[in-house]
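**Student:** Take a look at this one; I'll ask things after.
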Number of protein chains: 2
Amino acid sequence: MITSTHNPLLKDIRRIARRRDGRFVAEGEDLVAAADAAGWRPVHKLEAGVNIDAAVLDKVSSLGSGTRVLAVYEERFAAPTGPLCVALWGVRDPGNVGTVLRSALAFGAASVVIGPGTADPFGVKAVRASMGAVFAVPVARAAAVHELPGETVALVARAGEPLRGPAAGTLVVGAEREGLDEAVVGACDRVAHIAIASDSLNAAMAATVALYEWTRVAAQ
Amino acid sequence: MITSTHNPLLKDIRRIARRRDGRFVAEGEDLVAAADAAGWRPVHKLEAGVNIDAAVLDKVSSLGSGTRVLAVYEERFAAPTGPLCVALWGVRDPGNVGTVLRSALAFGAASVVIGPGTADPFGVKAVRASMGAVFAVPVARAAAVHELPGETVALVARAGEPLRGPAAGTLVVGAEREGLDEAVVGACDRVAHIAIASDSLNAAMAATVALYEWTRVAAQ
C-alpha cells in the first residue's frame with residue numbers, strides 16, 4: 001500500500017505523465033476498462049484503497065479528487081494501414097487528436113496516422129479525449145504523404161471538389177487555422193472540402209464528417 | 001489604468017465569470033473580435049496596456065499568461081426557431097455545448113436550444129469552445145419538446161431509422177452516456193440514429209454529423 005506522495009513509483013508516474021519515455025498514463029475506471037477490453041496489460045496499476053491510499057492517488061492524478069484507478073502502459077505504434085485511414089498534419093490540440101481517434105473507431109478506420117506537428121496521441125489529454133479509443137484503433141506515425149495508404153485526399157476548406165462517398169483511402173486533415181501546408185496538399189492525390197453553409201469546422205469535426213461521408217452509404 | 005487585482009471591477013468580473021448574474025465573460029482577441037463582428041457591445045472591455053496592467057489582466061483571466069483582452073457582455077436568449085434547429089437535453093459538458101454552437105453556425109442552423117440539464121452556453125468554457133459562434137447563432141431555452149420548432153427528431157444510438165437528409169426541423173441530442181430520457185424520446189415526432197460501424201459518438205460529434213446529413217445535399 002502506497003501511503004506517501006514521496007513514493008518512488010509515484011515520482012516515476014509523474015515523469016511518465018510528462019511523456020519522457022515510451023510509456024503513458026491512463027486515469028480513471030473508464031479508460032482502464034477500455035484498455036483491459038482491448039487486451040492491453042498495464043505496466044503499473046494503482047487502485048485507491050487496494051495498493052494506494054485514496055488521498056495520495058488523488059494528488060498524483062490529473063483528474064484530481066475521486067480518481068479510483070490509474071494505470072501505466074507501453075505506447076504502441078503500428079504501420080499506417082487502410083483501407084480507411086485518417087492522417088493528422090499539424091493538429092496541435094490534444095483534445096482534437098483524441099476526438100479523431102474516437103471518430104476513427106466509431107467509423108471503422110483501420111488506423112490513425114500522427115504526422116508532423118501533431119499532438120502526442122498518448123498524452124494525458126489526448127488519451128482522455130479518445131475515451132479509450134487510443135487502445136482500440138491502431139496509431140501510426142508518418143513524416144511524409146507517400147507513407148500513407150491508398151488514395152490520399154487533402155481536406156481543405158473551400159478548395160478542390162466537395163468530398164463524396166462512399167470512398168476509401170487516407171483523409172489528410174490539418175489544423176483549422178493554418179490548414180494544410182501547400183507542399184502537403186501538393187503531395188496528396190486529390191483535394192476535397194466539406195461543403196458547409198458558413199464558417200469552418202475544427203480538425204476533429206472535419207475528420208468526423210469526412211469519415212461519415214465516406215462510410216455512410218455502406219453503413220446504412 | 002487598472003494596476004491592482006483588488007480593483008472592484010475585477011472582483012465584479014470574477015463574479016460574472018462564475019455566472020451569478022445575466023452577464024458573461026469572453027476572453028482573448030478572437031472571441032472579442034467575433035463579438036464585435038456580430039454587433040455585440042461589451043459592458044466592460046479590458047485591454048492589456050490600455051486600461052489594465054498586463055500582469056493584472058493575466059491574473060483575472062482563466063486563459064492565464066498573455067491574455068490581451070477580456071470583455072463582459074449581457075447574455076441574450078432568443079425564441080427557439082427553425083427551419084433548422086438543434087436542441088440539447090442533459091448535455092452537461094460545456095465543451096460539447098460550445099462545439100455544437102460552432103457546428104450550428106457552420107451548417108446554418110437557425111437556433112440552438114438549451115434544454116434541461118445542459119451546461120450554461122455562456123459559461124467561460126462553452127464560450128471558448130464555441131470559438132465565437134455563441135455570438136452569431138441565436139441561443140434559446142426550452143423546458144419541453146413541444147416548445148421546439150418543426151418536426152422533432154430524437155437522435156438515439158442504435159434506435160429508430162437511420163438519419164437521412166435533406167431534412168429540417170429540430171434535432172434533439174442527449175448526453176452520450178445516459179442518452180435521451182424515455183419521456184423526451186416519446187415526446188419527439190421521430191427517432192433516428194446515425195449509422196456507424198462501432199462504438200458511439202459524443203453529443204457534439206453526433207450533432208455535427210446529423211447537421212451535415214440534413215444539409216449536405218442542399219449545400220453541395
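Naming scheme: A, B, ... for chains in displayed order of the C-alpha cells; residues 1 onward per chain; ligands 1 onward as shown.
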Taking the DSSP assignment computed from this structure's backbone, write out as a list in words all residues of region 84-116 of chain B that belong to alpha helix (DSSP H).

**Tutor:** Pro94, Gly95, Asn96, Val97, Gly98, Thr99, Val100, Leu101, Arg102, Ser103, Ala104, Leu105 and Ala106 of chain B

**Student:** Could the residues in this selection be written to a file with C-alpha atoms, as an mmCIF file, in the first residue's frame?

**Tutor:**
data_model
loop_
_atom_site.group_PDB
_atom_site.id
_atom_site.type_symbol
_atom_site.label_atom_id
_atom_site.label_comp_id
_atom_site.auth_asym_id
_atom_site.auth_seq_id
_atom_site.Cartn_x
_atom_site.Cartn_y
_atom_site.Cartn_z
ATOM 1 C CA PRO B 94 -19.622 22.825 -21.645
ATOM 2 C CA GLY B 95 -17.061 21.925 -24.322
ATOM 3 C CA ASN B 96 -19.699 19.899 -26.142
ATOM 4 C CA VAL B 97 -22.240 22.717 -25.843
ATOM 5 C CA GLY B 98 -19.739 25.173 -27.329
ATOM 6 C CA THR B 99 -18.818 22.758 -30.127
ATOM 7 C CA VAL B 100 -22.494 22.295 -31.014
ATOM 8 C CA LEU B 101 -22.875 26.091 -31.239
ATOM 9 C CA ARG B 102 -19.981 26.105 -33.644
ATOM 10 C CA SER B 103 -21.417 23.299 -35.787
ATOM 11 C CA ALA B 104 -24.803 25.007 -35.753
ATOM 12 C CA LEU B 105 -23.164 28.124 -37.197
ATOM 13 C CA ALA B 106 -21.166 26.132 -39.759
#

**Student:** Quick one: which chain B residues come within 9 Å of chain A, and what is the nearest atom pair for each with the distance in Å to one decimal, counting only C-alpha atoms, rows ordered by chain and ascending number, as a Markdown table?

**Tutor:**
| residue | atom | partner | partner_atom | distance |
| --- | --- | --- | --- | --- |
| B:Thr99 | CA | A:Met205 | CA | 8.9 |
| B:Arg102 | CA | A:Leu201 | CA | 7.6 |
| B:Ser103 | CA | A:Leu201 | CA | 7.0 |
| B:Leu105 | CA | A:Ser198 | CA | 6.8 |
| B:Ala106 | CA | A:Ser198 | CA | 4.8 |
| B:Phe107 | CA | A:Ala197 | CA | 5.0 |
| B:Gly108 | CA | A:Ala197 | CA | 5.5 |
| B:Pro162 | CA | A:Gln220 | CA | 6.5 |
| B:Leu163 | CA | A:Gln220 | CA | 9.0 |
| B:Ile194 | CA | A:Gln220 | CA | 8.4 |
| B:Ala195 | CA | A:Gln220 | CA | 5.6 |
| B:Ile196 | CA | A:Phe107 | CA | 5.4 |
| B:Ala197 | CA | A:Phe107 | CA | 5.0 |
| B:Ser198 | CA | A:Ala106 | CA | 4.8 |
| B:Asp199 | CA | A:Ala106 | CA | 5.1 |
| B:Ser200 | CA | A:Ala106 | CA | 6.0 |
| B:Leu201 | CA | A:Ala106 | CA | 6.8 |
| B:Ala204 | CA | A:Met205 | CA | 8.5 |
| B:Met205 | CA | A:Met205 | CA | 6.6 |
| B:Thr208 | CA | A:Met205 | CA | 7.0 |
| B:Val209 | CA | A:Val209 | CA | 5.6 |
| B:Tyr212 | CA | A:Val209 | CA | 7.2 |
| B:Glu213 | CA | A:Glu213 | CA | 8.6 |
| B:Thr215 | CA | A:Ile196 | CA | 8.1 |
| B:Arg216 | CA | A:Ala195 | CA | 7.0 |
| B:Ala219 | CA | A:Ala195 | CA | 5.8 |
| B:Gln220 | CA | A:Ala195 | CA | 5.6 |

**Student:** Neighbouring residues of Gly179 (chain B) were defined as those with any atom within 12 Å, considering only C-alpha atoms; residues of the same chain fewer than 4 positions away were excluded. Please report them as an mmCIF file with C-alpha atoms, in the first residue's frame.

**Tutor:**
data_model
loop_
_atom_site.group_PDB
_atom_site.id
_atom_site.type_symbol
_atom_site.label_atom_id
_atom_site.label_comp_id
_atom_site.auth_asym_id
_atom_site.auth_seq_id
_atom_site.Cartn_x
_atom_site.Cartn_y
_atom_site.Cartn_z
ATOM 1 C CA LEU B 88 -29.563 19.784 -26.275
ATOM 2 C CA TRP B 89 -31.071 17.770 -23.429
ATOM 3 C CA GLY B 90 -28.828 16.812 -20.497
ATOM 4 C CA VAL B 91 -25.561 17.727 -22.272
ATOM 5 C CA ARG B 92 -23.554 18.684 -19.206
ATOM 6 C CA ALA B 154 -34.730 12.320 -31.211
ATOM 7 C CA LEU B 155 -31.181 11.262 -32.031
ATOM 8 C CA VAL B 156 -30.603 7.950 -30.246
ATOM 9 C CA ALA B 157 -27.742 5.465 -30.749
ATOM 10 C CA ARG B 158 -28.893 2.249 -32.436
ATOM 11 C CA ALA B 159 -32.642 3.004 -32.378
ATOM 12 C CA VAL B 172 -32.827 16.590 -30.188
ATOM 13 C CA VAL B 173 -29.458 15.446 -28.813
ATOM 14 C CA GLY B 174 -28.747 13.945 -25.385
ATOM 15 C CA ALA B 175 -25.653 13.156 -23.358
ATOM 16 C CA ALA B 183 -40.190 10.650 -21.887
ATOM 17 C CA VAL B 184 -38.231 13.056 -24.122
ATOM 18 C CA VAL B 185 -37.873 10.450 -26.878
ATOM 19 C CA HIS B 193 -29.755 7.170 -35.351
ATOM 20 C CA SER B 200 -20.752 5.792 -30.137
ATOM 21 C CA LEU B 201 -20.168 9.451 -30.867
ATOM 22 C CA ASN B 202 -20.260 12.179 -28.266
ATOM 23 C CA ALA B 203 -23.056 14.760 -28.294
ATOM 24 C CA ALA B 206 -23.446 13.345 -33.255
#

**Student:** Using the chain letters and numbers from this document, which residues of chain A does DSSP assign to strand (DSSP E or B), as a ChimeraX atom specification?

**Tutor:** /A:2,23-27,44-48,52,69-74,78,84-89,111-114,139-141,152-155,161-162,169-175,179,190-193

**Student:** Next, write the just-selected residues to a file, as an mmCIF file, in the first residue's frame, keeping C-alpha atoms as the atom set.

**Tutor:**
data_model
loop_
_atom_site.group_PDB
_atom_site.id
_atom_site.type_symbol
_atom_site.label_atom_id
_atom_site.label_comp_id
_atom_site.auth_asym_id
_atom_site.auth_seq_id
_atom_site.Cartn_x
_atom_site.Cartn_y
_atom_site.Cartn_z
ATOM 1 C CA ILE A 2 1.409 3.388 -1.069
ATOM 2 C CA ARG A 23 5.130 4.808 -21.530
ATOM 3 C CA PHE A 24 1.923 6.681 -20.852
ATOM 4 C CA VAL A 25 -0.698 7.115 -18.165
ATOM 5 C CA ALA A 26 -4.438 6.396 -18.328
ATOM 6 C CA GLU A 27 -6.549 7.760 -15.487
ATOM 7 C CA HIS A 44 1.640 -0.454 -13.269
ATOM 8 C CA LYS A 45 -1.884 -0.241 -11.930
ATOM 9 C CA LEU A 46 -2.771 1.821 -8.866
ATOM 10 C CA GLU A 47 -6.173 1.320 -7.274
ATOM 11 C CA ALA A 48 -7.424 3.553 -4.463
ATOM 12 C CA ILE A 52 -2.516 3.101 -2.835
ATOM 13 C CA VAL A 69 -7.592 3.935 -10.682
ATOM 14 C CA LEU A 70 -4.545 4.966 -12.698
ATOM 15 C CA ALA A 71 -2.517 2.671 -14.933
ATOM 16 C CA VAL A 72 0.682 2.907 -16.957
ATOM 17 C CA TYR A 73 1.065 1.327 -20.416
ATOM 18 C CA GLU A 74 3.794 0.948 -23.006
ATOM 19 C CA ALA A 78 1.557 0.411 -35.810
ATOM 20 C CA LEU A 84 -9.767 3.664 -44.362
ATOM 21 C CA CYS A 85 -7.219 5.907 -42.645
ATOM 22 C CA VAL A 86 -7.058 9.414 -41.155
ATOM 23 C CA ALA A 87 -3.754 11.298 -41.095
ATOM 24 C CA LEU A 88 -3.264 14.395 -38.935
ATOM 25 C CA TRP A 89 -0.773 17.054 -40.006
ATOM 26 C CA SER A 111 -5.526 3.375 -38.471
ATOM 27 C CA VAL A 112 -4.885 6.971 -37.440
ATOM 28 C CA VAL A 113 -1.578 8.425 -38.582
ATOM 29 C CA ILE A 114 0.155 11.071 -36.472
ATOM 30 C CA VAL A 139 -1.955 4.529 -34.097
ATOM 31 C CA ALA A 140 0.843 5.075 -36.625
ATOM 32 C CA ARG A 141 3.428 7.738 -37.390
ATOM 33 C CA THR A 152 -4.620 10.418 -50.289
ATOM 34 C CA VAL A 153 -7.207 13.193 -50.055
ATOM 35 C CA ALA A 154 -6.212 16.562 -48.602
ATOM 36 C CA LEU A 155 -9.166 18.014 -46.718
ATOM 37 C CA GLU A 161 -14.126 19.178 -55.068
ATOM 38 C CA PRO A 162 -16.863 18.524 -52.481
ATOM 39 C CA GLY A 169 -8.030 5.847 -48.723
ATOM 40 C CA THR A 170 -6.436 8.376 -46.396
ATOM 41 C CA LEU A 171 -8.098 11.607 -45.299
ATOM 42 C CA VAL A 172 -5.323 14.131 -44.583
ATOM 43 C CA VAL A 173 -6.501 16.691 -42.031
ATOM 44 C CA GLY A 174 -4.671 19.840 -40.906
ATOM 45 C CA ALA A 175 -5.098 22.359 -38.129
ATOM 46 C CA GLY A 179 -4.793 24.469 -42.735
ATOM 47 C CA ARG A 190 -6.728 14.810 -54.529
ATOM 48 C CA VAL A 191 -8.037 17.896 -52.742
ATOM 49 C CA ALA A 192 -11.569 17.987 -51.311
ATOM 50 C CA HIS A 193 -13.677 20.098 -48.989
#

**Student:** Using only C-alpha atoms, which of A:Ala136, A:Ala55, A:Leu148, A:Val127 sits nearest Gly82 (chain A)?

**Tutor:**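 Smallest distance to Gly82 (chain A) is found for A:Leu148.
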
**Student:** Pick the closest to Ala143 (chain A) from A:Lys125, A:Gly117, A:Met1, A:Ala168: which is it, counting only C-alpha atoms?

**Tutor:** A:Gly117

**Student:** Just to confirm, what's the straight-line distance from CA of Thr5 (chain B) to CA of Val56 (chain B) in Å (one decimal)?

**Tutor:** 5.8 Å

**Student:** Out of A:Gly28, A:Gly49, A:Gly22, A:Gly132, which residue has the shortest atom-to-atom distance to Leu63 (chain A) when counting only C-alpha atoms?

**Tutor:** A:Gly28
